[in-house]
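All remarks here apply to the structure that follows.
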Amino acid sequence: MTNNNVYDVTKWPIGNPYTDIGEVINSMIADIKSRQANTDVNDGGKPGAVIYLPPGDYHLITQAVIDISYLKIEGSGHGFTSSSIRFNVPENECADLHELWPGGSRILNDLPVAIDGAEEAGAAILVRREGDPRISSVEFAGFCIDGLHFVDDGSGEPNPENTYVNGKTGIYIASACDSFRITGMGLIYLEHGLTIYHADALTVHDNFIAECGNCLELRGWGQASKVTDNLMGAGFKGYSIYAQNFGGLLITANNIFPRGASSIHFEGVTRSLVTNNRLHAFYPGMVVLEKNSSENLITANHFLHDHEPWAPLQEKNNGLDDLYGLLYISGDHNSIIGNHFSEIIDAQYIRPLGAKPTIIHLVSGSENYIANNHAVATASHAKISDSCYAAQVDALLTTEVTSSLAVTTVLIEKESIKNTVLDSGSDEQVMMDKSVNAFRPTPQV
């Protein structure tokens, strides 16, 4: 017995998947809707379908629009490989490269978009359905969406491929959604990798999302979702993980690469957990909790801040100086427990020059609990290199201590009161009004 609810884009009679995969997917969805029109047939009626993308390059010039529940679009490989490294290789070396483009089951976002146009217009896949119930159980798994190129943004960047701007998005979920799953995906060279509004019970797991202007943006509001086991890294203008007005968000076991303006950025996020992540950044403001982000637990994370060692992007920054803090907090009743911070940077790169970098910066809020955090602060002499991979590995493996670096491990601004700081720095390293906040210094040898 054949199953009419499993579709292969290479075997569908309408359109050509290699020249416009969007037209093919849209015609498949129209077929599903025409065959599954009844809402209640034998206690069912709309089981949805699977759309399969075999390994191959599929250009997209028509936006794929999803407005049905229970749809899975899956491929057989996320196909990620670094385009940033490729686009910064000297032209005379390109002929010797084994491959030039990402692979696997790959959608090439060829939408003709303006960099200042409407965001959803540049999305390869748009999910939108109004009314009740919310669109549910849509899954994306195991394929690549490639934005192909960044463009000149007027900033004066000599190589337009390093601007992180092109007006393109991988997947844009515009409607309130329930139980969506995004797993095993590869997203690259998109100004916005995943943009998701009003998510409930969302899973973003085991994806490779990098070399995007922004990787994951959870907007509007949401609840009870998880971002786990991903490899991510945004550009210097955007977020690796951003969440807005979210409650009950779990962010754990992610490996977040450097170069994003922030690794994790919360606005109005409450009662959420950030734990067991490895965070690496070239700029301050690695994790930001603002707009009264409260009652969150940040624990057992590894923070590494060092200086960009790769020559093509060494002069980039996110506009923040080292007094801002690696962890920036504006909110109440947060717990910051058992995190490791490595501040490994040459004095010449500290801004303002001669300042003591701040590790944890509590800007406003009360009854926050900061305990048992450990900061390692040393000067580094990482070598600048034209090889991205070699430069970063060399910097990561260099642990020789040439000299210690004076830092402020915890800074609590005057308007913040009734906070507790335990064993997170010496008396000289913690700056706060100890008459209105509780303090126990880390014992010194």
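By order in the structure tokens, chains are A, B, ...; within a chain, residues start at 1; ligands start at 1, following the order shown.
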
Spatial neighbours of Thr183 in chain A, max dist 12 Å, only C-alpha atoms, sep filter under 6 positions, as a short mmCIF file (atom, residue, chain, number, x, y, z; two decimals) with C-alpha atoms, in the first residue's frame:
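Resulting contents of selection06.cif:
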```
data_model
loop_
_atom_site.label_atom_id
_atom_site.label_comp_id
_atom_site.auth_asym_id
_atom_site.auth_seq_id
_atom_site.Cartn_x
_atom_site.Cartn_y
_atom_site.Cartn_z
CA LYS A 72 7.52 17.92 8.23
CA ILE A 73 10.07 19.09 5.69
CA GLU A 74 13.18 16.96 5.92
CA GLY A 75 16.41 16.33 4.06
CA SER A 76 19.37 14.01 4.33
CA GLY A 77 22.13 16.32 5.55
CA HIS A 78 22.52 19.86 6.88
CA VAL A 138 5.49 21.79 11.96
CA GLU A 139 9.00 20.34 11.72
CA PHE A 140 12.13 21.22 9.79
CA ALA A 141 14.93 18.66 9.87
CA GLY A 142 18.16 17.77 8.17
CA PHE A 143 18.57 20.29 5.37
CA CYS A 144 20.48 23.48 4.64
CA LEU A 194 15.47 31.66 12.40
CA LEU A 202 9.27 25.06 20.70
CA THR A 203 12.31 22.80 20.20
CA VAL A 204 15.45 24.13 18.52
CA HIS A 205 17.89 21.24 18.85
CA ASP A 206 21.14 20.00 17.30
CA ASN A 207 21.33 22.59 14.53
CA PHE A 208 24.36 24.27 12.93
CA ILE A 209 23.47 27.97 12.62
CA LYS A 226 14.07 24.81 24.66
CA VAL A 227 17.22 25.68 22.73
CA THR A 228 19.59 22.76 23.19
CA ASP A 229 22.74 21.18 21.77
CA ASN A 230 23.18 23.67 18.95
CA LEU A 231 26.33 24.99 17.32
#
```

- Message: I'd like the contact shell of range 79-95 of chain A - 8 Å cut-off, only C-alpha atoms, skipping same-chain residues fewer than 3 positions apart - returned as a ChimeraX atom specification.
- Response: /A:100-106,143-144,161-162,186-189,208,211,312,388

Export, as a short mmCIF file (atom, residue, chain, number, x, y, z; two decimals), in the first residue's frame, the selected residues with C-alpha atoms.
```cif
data_model
loop_
_atom_site.label_atom_id
_atom_site.label_comp_id
_atom_site.auth_asym_id
_atom_site.auth_seq_id
_atom_site.Cartn_x
_atom_site.Cartn_y
_atom_site.Cartn_z
CA LEU A 100 33.14 25.97 -2.75
CA TRP A 101 29.58 25.82 -1.39
CA PRO A 102 27.58 24.18 1.39
CA GLY A 103 26.05 20.84 0.40
CA GLY A 104 23.66 18.17 1.64
CA SER A 105 19.97 18.82 1.02
CA ARG A 106 20.43 22.50 0.29
CA PHE A 143 18.57 20.29 5.37
CA CYS A 144 20.48 23.48 4.64
CA GLU A 161 30.89 39.14 2.06
CA ASN A 162 31.78 40.25 5.61
CA GLY A 186 22.21 24.03 8.63
CA LEU A 187 21.64 27.78 8.23
CA ILE A 188 24.33 29.99 6.71
CA TYR A 189 24.87 33.42 5.19
CA PHE A 208 24.36 24.27 12.93
CA GLU A 211 27.83 32.93 9.74
CA PRO A 312 39.96 40.00 7.96
CA CYS A 388 40.61 31.55 10.62
#
```

- Query: as a PyMOL selection string, which residues of range 81-274 of chain A does DSSP assign to strand (DSSP E or B)?
  - Reply: chain A and resi 105-109+123-127+135-136+139-141+144-146+169-173+177-178+181-183+186-188+192-200+203-205+208-212+214-228+231-234+239-244+246-252+255-256+262-267+270+273-274

- Message: What's the separation between CA of Gly117 in chain A and CA of Gly167 in chain A, in Å to one decimal place?
- Response: 6.9 Å

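The residue that comes closest to Ile107 in chain A, out of A:Gly22, A:Gly156, A:Gly48, A:Pro284 and on the basis of only C-alpha atoms, is A:Gly22.
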
Can you tell me, as a compact mmCIF listing (two decimals) with C-alpha atoms, in the first residue's frame, what residues are no more than 7 Å from range 357-367 of chain A when counting only C-alpha atoms, ignoring any on the same chain fewer than 6 positions away?
```
# COMPACT_ATOMS: atom_id res chain seq x y z
CA ASP A 322 35.06 46.50 28.63
CA LEU A 323 33.29 48.28 31.48
CA TYR A 324 29.96 46.95 30.18
CA GLY A 325 30.58 43.46 31.56
CA LEU A 326 30.66 39.97 30.11
CA LEU A 327 27.37 39.29 31.95
CA TYR A 328 25.06 42.31 32.11
CA ILE A 329 21.99 42.20 34.36
CA SER A 330 18.95 44.42 34.73
CA GLY A 331 16.29 42.60 36.73
CA ASP A 332 15.35 41.12 40.08
CA HIS A 333 15.72 37.78 41.84
CA VAL A 407 39.46 43.01 36.69
CA THR A 408 36.30 43.89 38.53
CA THR A 409 34.61 40.54 39.01
CA VAL A 410 31.30 41.99 40.22
CA LEU A 411 30.09 45.57 39.81
CA ILE A 412 26.75 46.52 41.39
CA GLU A 413 25.50 50.00 40.59
CA GLU A 415 20.56 51.94 42.56
CA SER A 416 20.75 48.15 43.07
CA ILE A 417 20.10 47.02 46.64
CA LYS A 418 19.44 43.89 48.69
CA ASN A 419 21.61 41.74 46.42
CA THR A 420 23.90 38.95 47.66
```

- Message: Using only C-alpha atoms, which protein or nucleic acid residues come within 7 Å of Asp200 in chain A? Drop anything in the same chain fewer than 5 positions from it, and give the result as a list in words.
- Response: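 Contacts, in chain order: Cys177, Asp178, Ser179, Gly222, Gln223, Ala224 and Ser225 of chain A.
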
Export of prior selection with N, CA and C atoms as a PDB file, in the first residue's frame:
```pdb
ATOM      1  N   CYS A 177       2.498  29.779  17.395  1.00  0.00           N
ATOM      2  CA  CYS A 177       2.731  28.383  17.030  1.00  0.00           C
ATOM      3  C   CYS A 177       2.908  27.527  18.266  1.00  0.00           C
ATOM      4  N   ASP A 178       2.654  26.240  18.108  1.00  0.00           N
ATOM      5  CA  ASP A 178       2.728  25.294  19.214  1.00  0.00           C
ATOM      6  C   ASP A 178       3.491  24.048  18.765  1.00  0.00           C
ATOM      7  N   SER A 179       4.411  23.605  19.566  1.00  0.00           N
ATOM      8  CA  SER A 179       5.124  22.336  19.391  1.00  0.00           C
ATOM      9  C   SER A 179       5.851  22.224  18.049  1.00  0.00           C
ATOM     10  N   GLY A 222       6.570  34.261  24.368  1.00  0.00           N
ATOM     11  CA  GLY A 222       6.566  32.807  24.249  1.00  0.00           C
ATOM     12  C   GLY A 222       6.756  32.152  25.590  1.00  0.00           C
ATOM     13  N   GLN A 223       6.658  30.819  25.596  1.00  0.00           N
ATOM     14  CA  GLN A 223       6.794  30.090  26.849  1.00  0.00           C
ATOM     15  C   GLN A 223       7.252  28.655  26.603  1.00  0.00           C
ATOM     16  N   ALA A 224       7.792  28.064  27.663  1.00  0.00           N
ATOM     17  CA  ALA A 224       8.014  26.620  27.774  1.00  0.00           C
ATOM     18  C   ALA A 224       8.713  26.028  26.560  1.00  0.00           C
ATOM     19  N   SER A 225       9.832  26.621  26.154  1.00  0.00           N
ATOM     20  CA  SER A 225      10.549  26.159  24.975  1.00  0.00           C
ATOM     21  C   SER A 225      11.993  25.845  25.324  1.00  0.00           C
TER      22      SER A 225
END
```

- Message: Which residues are close to Phe341 in chain A, i.e. within 9 Å by only C-alpha atoms, leaving aside same-chain residues fewer than 4 positions away? Reply as a ChimeraX atom specification.
- Response: /A:301-305,326,359,373-377

Residue selection dump (C-alpha atoms) as a PDB file, in the first residue's frame:
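part.pdb written:
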```
ATOM      1  CA  ASN A 301      28.324  28.055  31.969  1.00  0.00           C
ATOM      2  CA  HIS A 302      31.796  28.670  30.580  1.00  0.00           C
ATOM      3  CA  PHE A 303      32.416  32.217  29.345  1.00  0.00           C
ATOM      4  CA  LEU A 304      35.521  32.979  27.267  1.00  0.00           C
ATOM      5  CA  HIS A 305      36.281  36.517  26.131  1.00  0.00           C
ATOM      6  CA  LEU A 326      30.657  39.974  30.113  1.00  0.00           C
ATOM      7  CA  ILE A 359      33.009  40.480  34.477  1.00  0.00           C
ATOM      8  CA  ASN A 373      31.603  32.233  40.276  1.00  0.00           C
ATOM      9  CA  HIS A 374      35.233  31.938  39.218  1.00  0.00           C
ATOM     10  CA  ALA A 375      37.087  34.415  37.017  1.00  0.00           C
ATOM     11  CA  VAL A 376      40.439  33.823  35.353  1.00  0.00           C
ATOM     12  CA  ALA A 377      41.943  37.044  34.014  1.00  0.00           C
TER      13      ALA A 377
END
```

- Item | Two-atom distance - CA of Asp43 in chain A, CA of Val127 in chain A (Å) |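 Computing it gives 26.3 Å between the two atoms.
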
- Would you mind listing what lies within 9 Å of range 279-281 of chain A as a ChimeraX atom specification, with only C-alpha atoms counted and same-chain residues fewer than 3 positions away left out? /A:254-264,284-287,301-308

- Task: Kindly give the distance, in Å, that separates CA of Lys46 in chain A and CA of Met28 in chain A, rounded to a single decimal.
- Result: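 One can read the CA of Lys46 in chain A to CA of Met28 in chain A distance as 14.6 Å.
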
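Restricting the calculation to only C-alpha atoms, the smallest distance between Glu343 in chain A and any of A:Ala438, A:Leu405, A:Ile171, A:Leu126 is found for A:Leu405.
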
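Using only C-alpha atoms for every distance, the candidate list A:Gln348, A:Thr62, A:Asn4, A:Thr169 yields A:Thr62 as the residue closest to Pro17 in chain A.
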
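The smallest atom-to-atom distance between Leu250 in chain A and any of A:Ile370, A:Leu320, A:Leu71, A:Ile298, using only C-alpha atoms, is found for A:Ile298.
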
- Name the closest residue to Asp132 in chain A among the candidates A:Glu157, A:Gly184, A:Lys291, A:Ala176; distances are taken between atoms, counting only C-alpha atoms. A:Ala176

- Message: Taking 5 positions as the minimum chain separation for residues in the same chain, which residues sit within 10 Å of Glu119 in chain A when counting only C-alpha atoms? Answer as number ranges by chain.
- Response: A: 113-114, 167-169, 172, 191-192, 195

- Between A:Tyr164, A:Trp12, A:Tyr18, A:Tyr369, single out the one closest to Lys316 in chain A, counting only C-alpha atoms.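 Smallest separation from Lys316 in chain A among the options: A:Tyr164.
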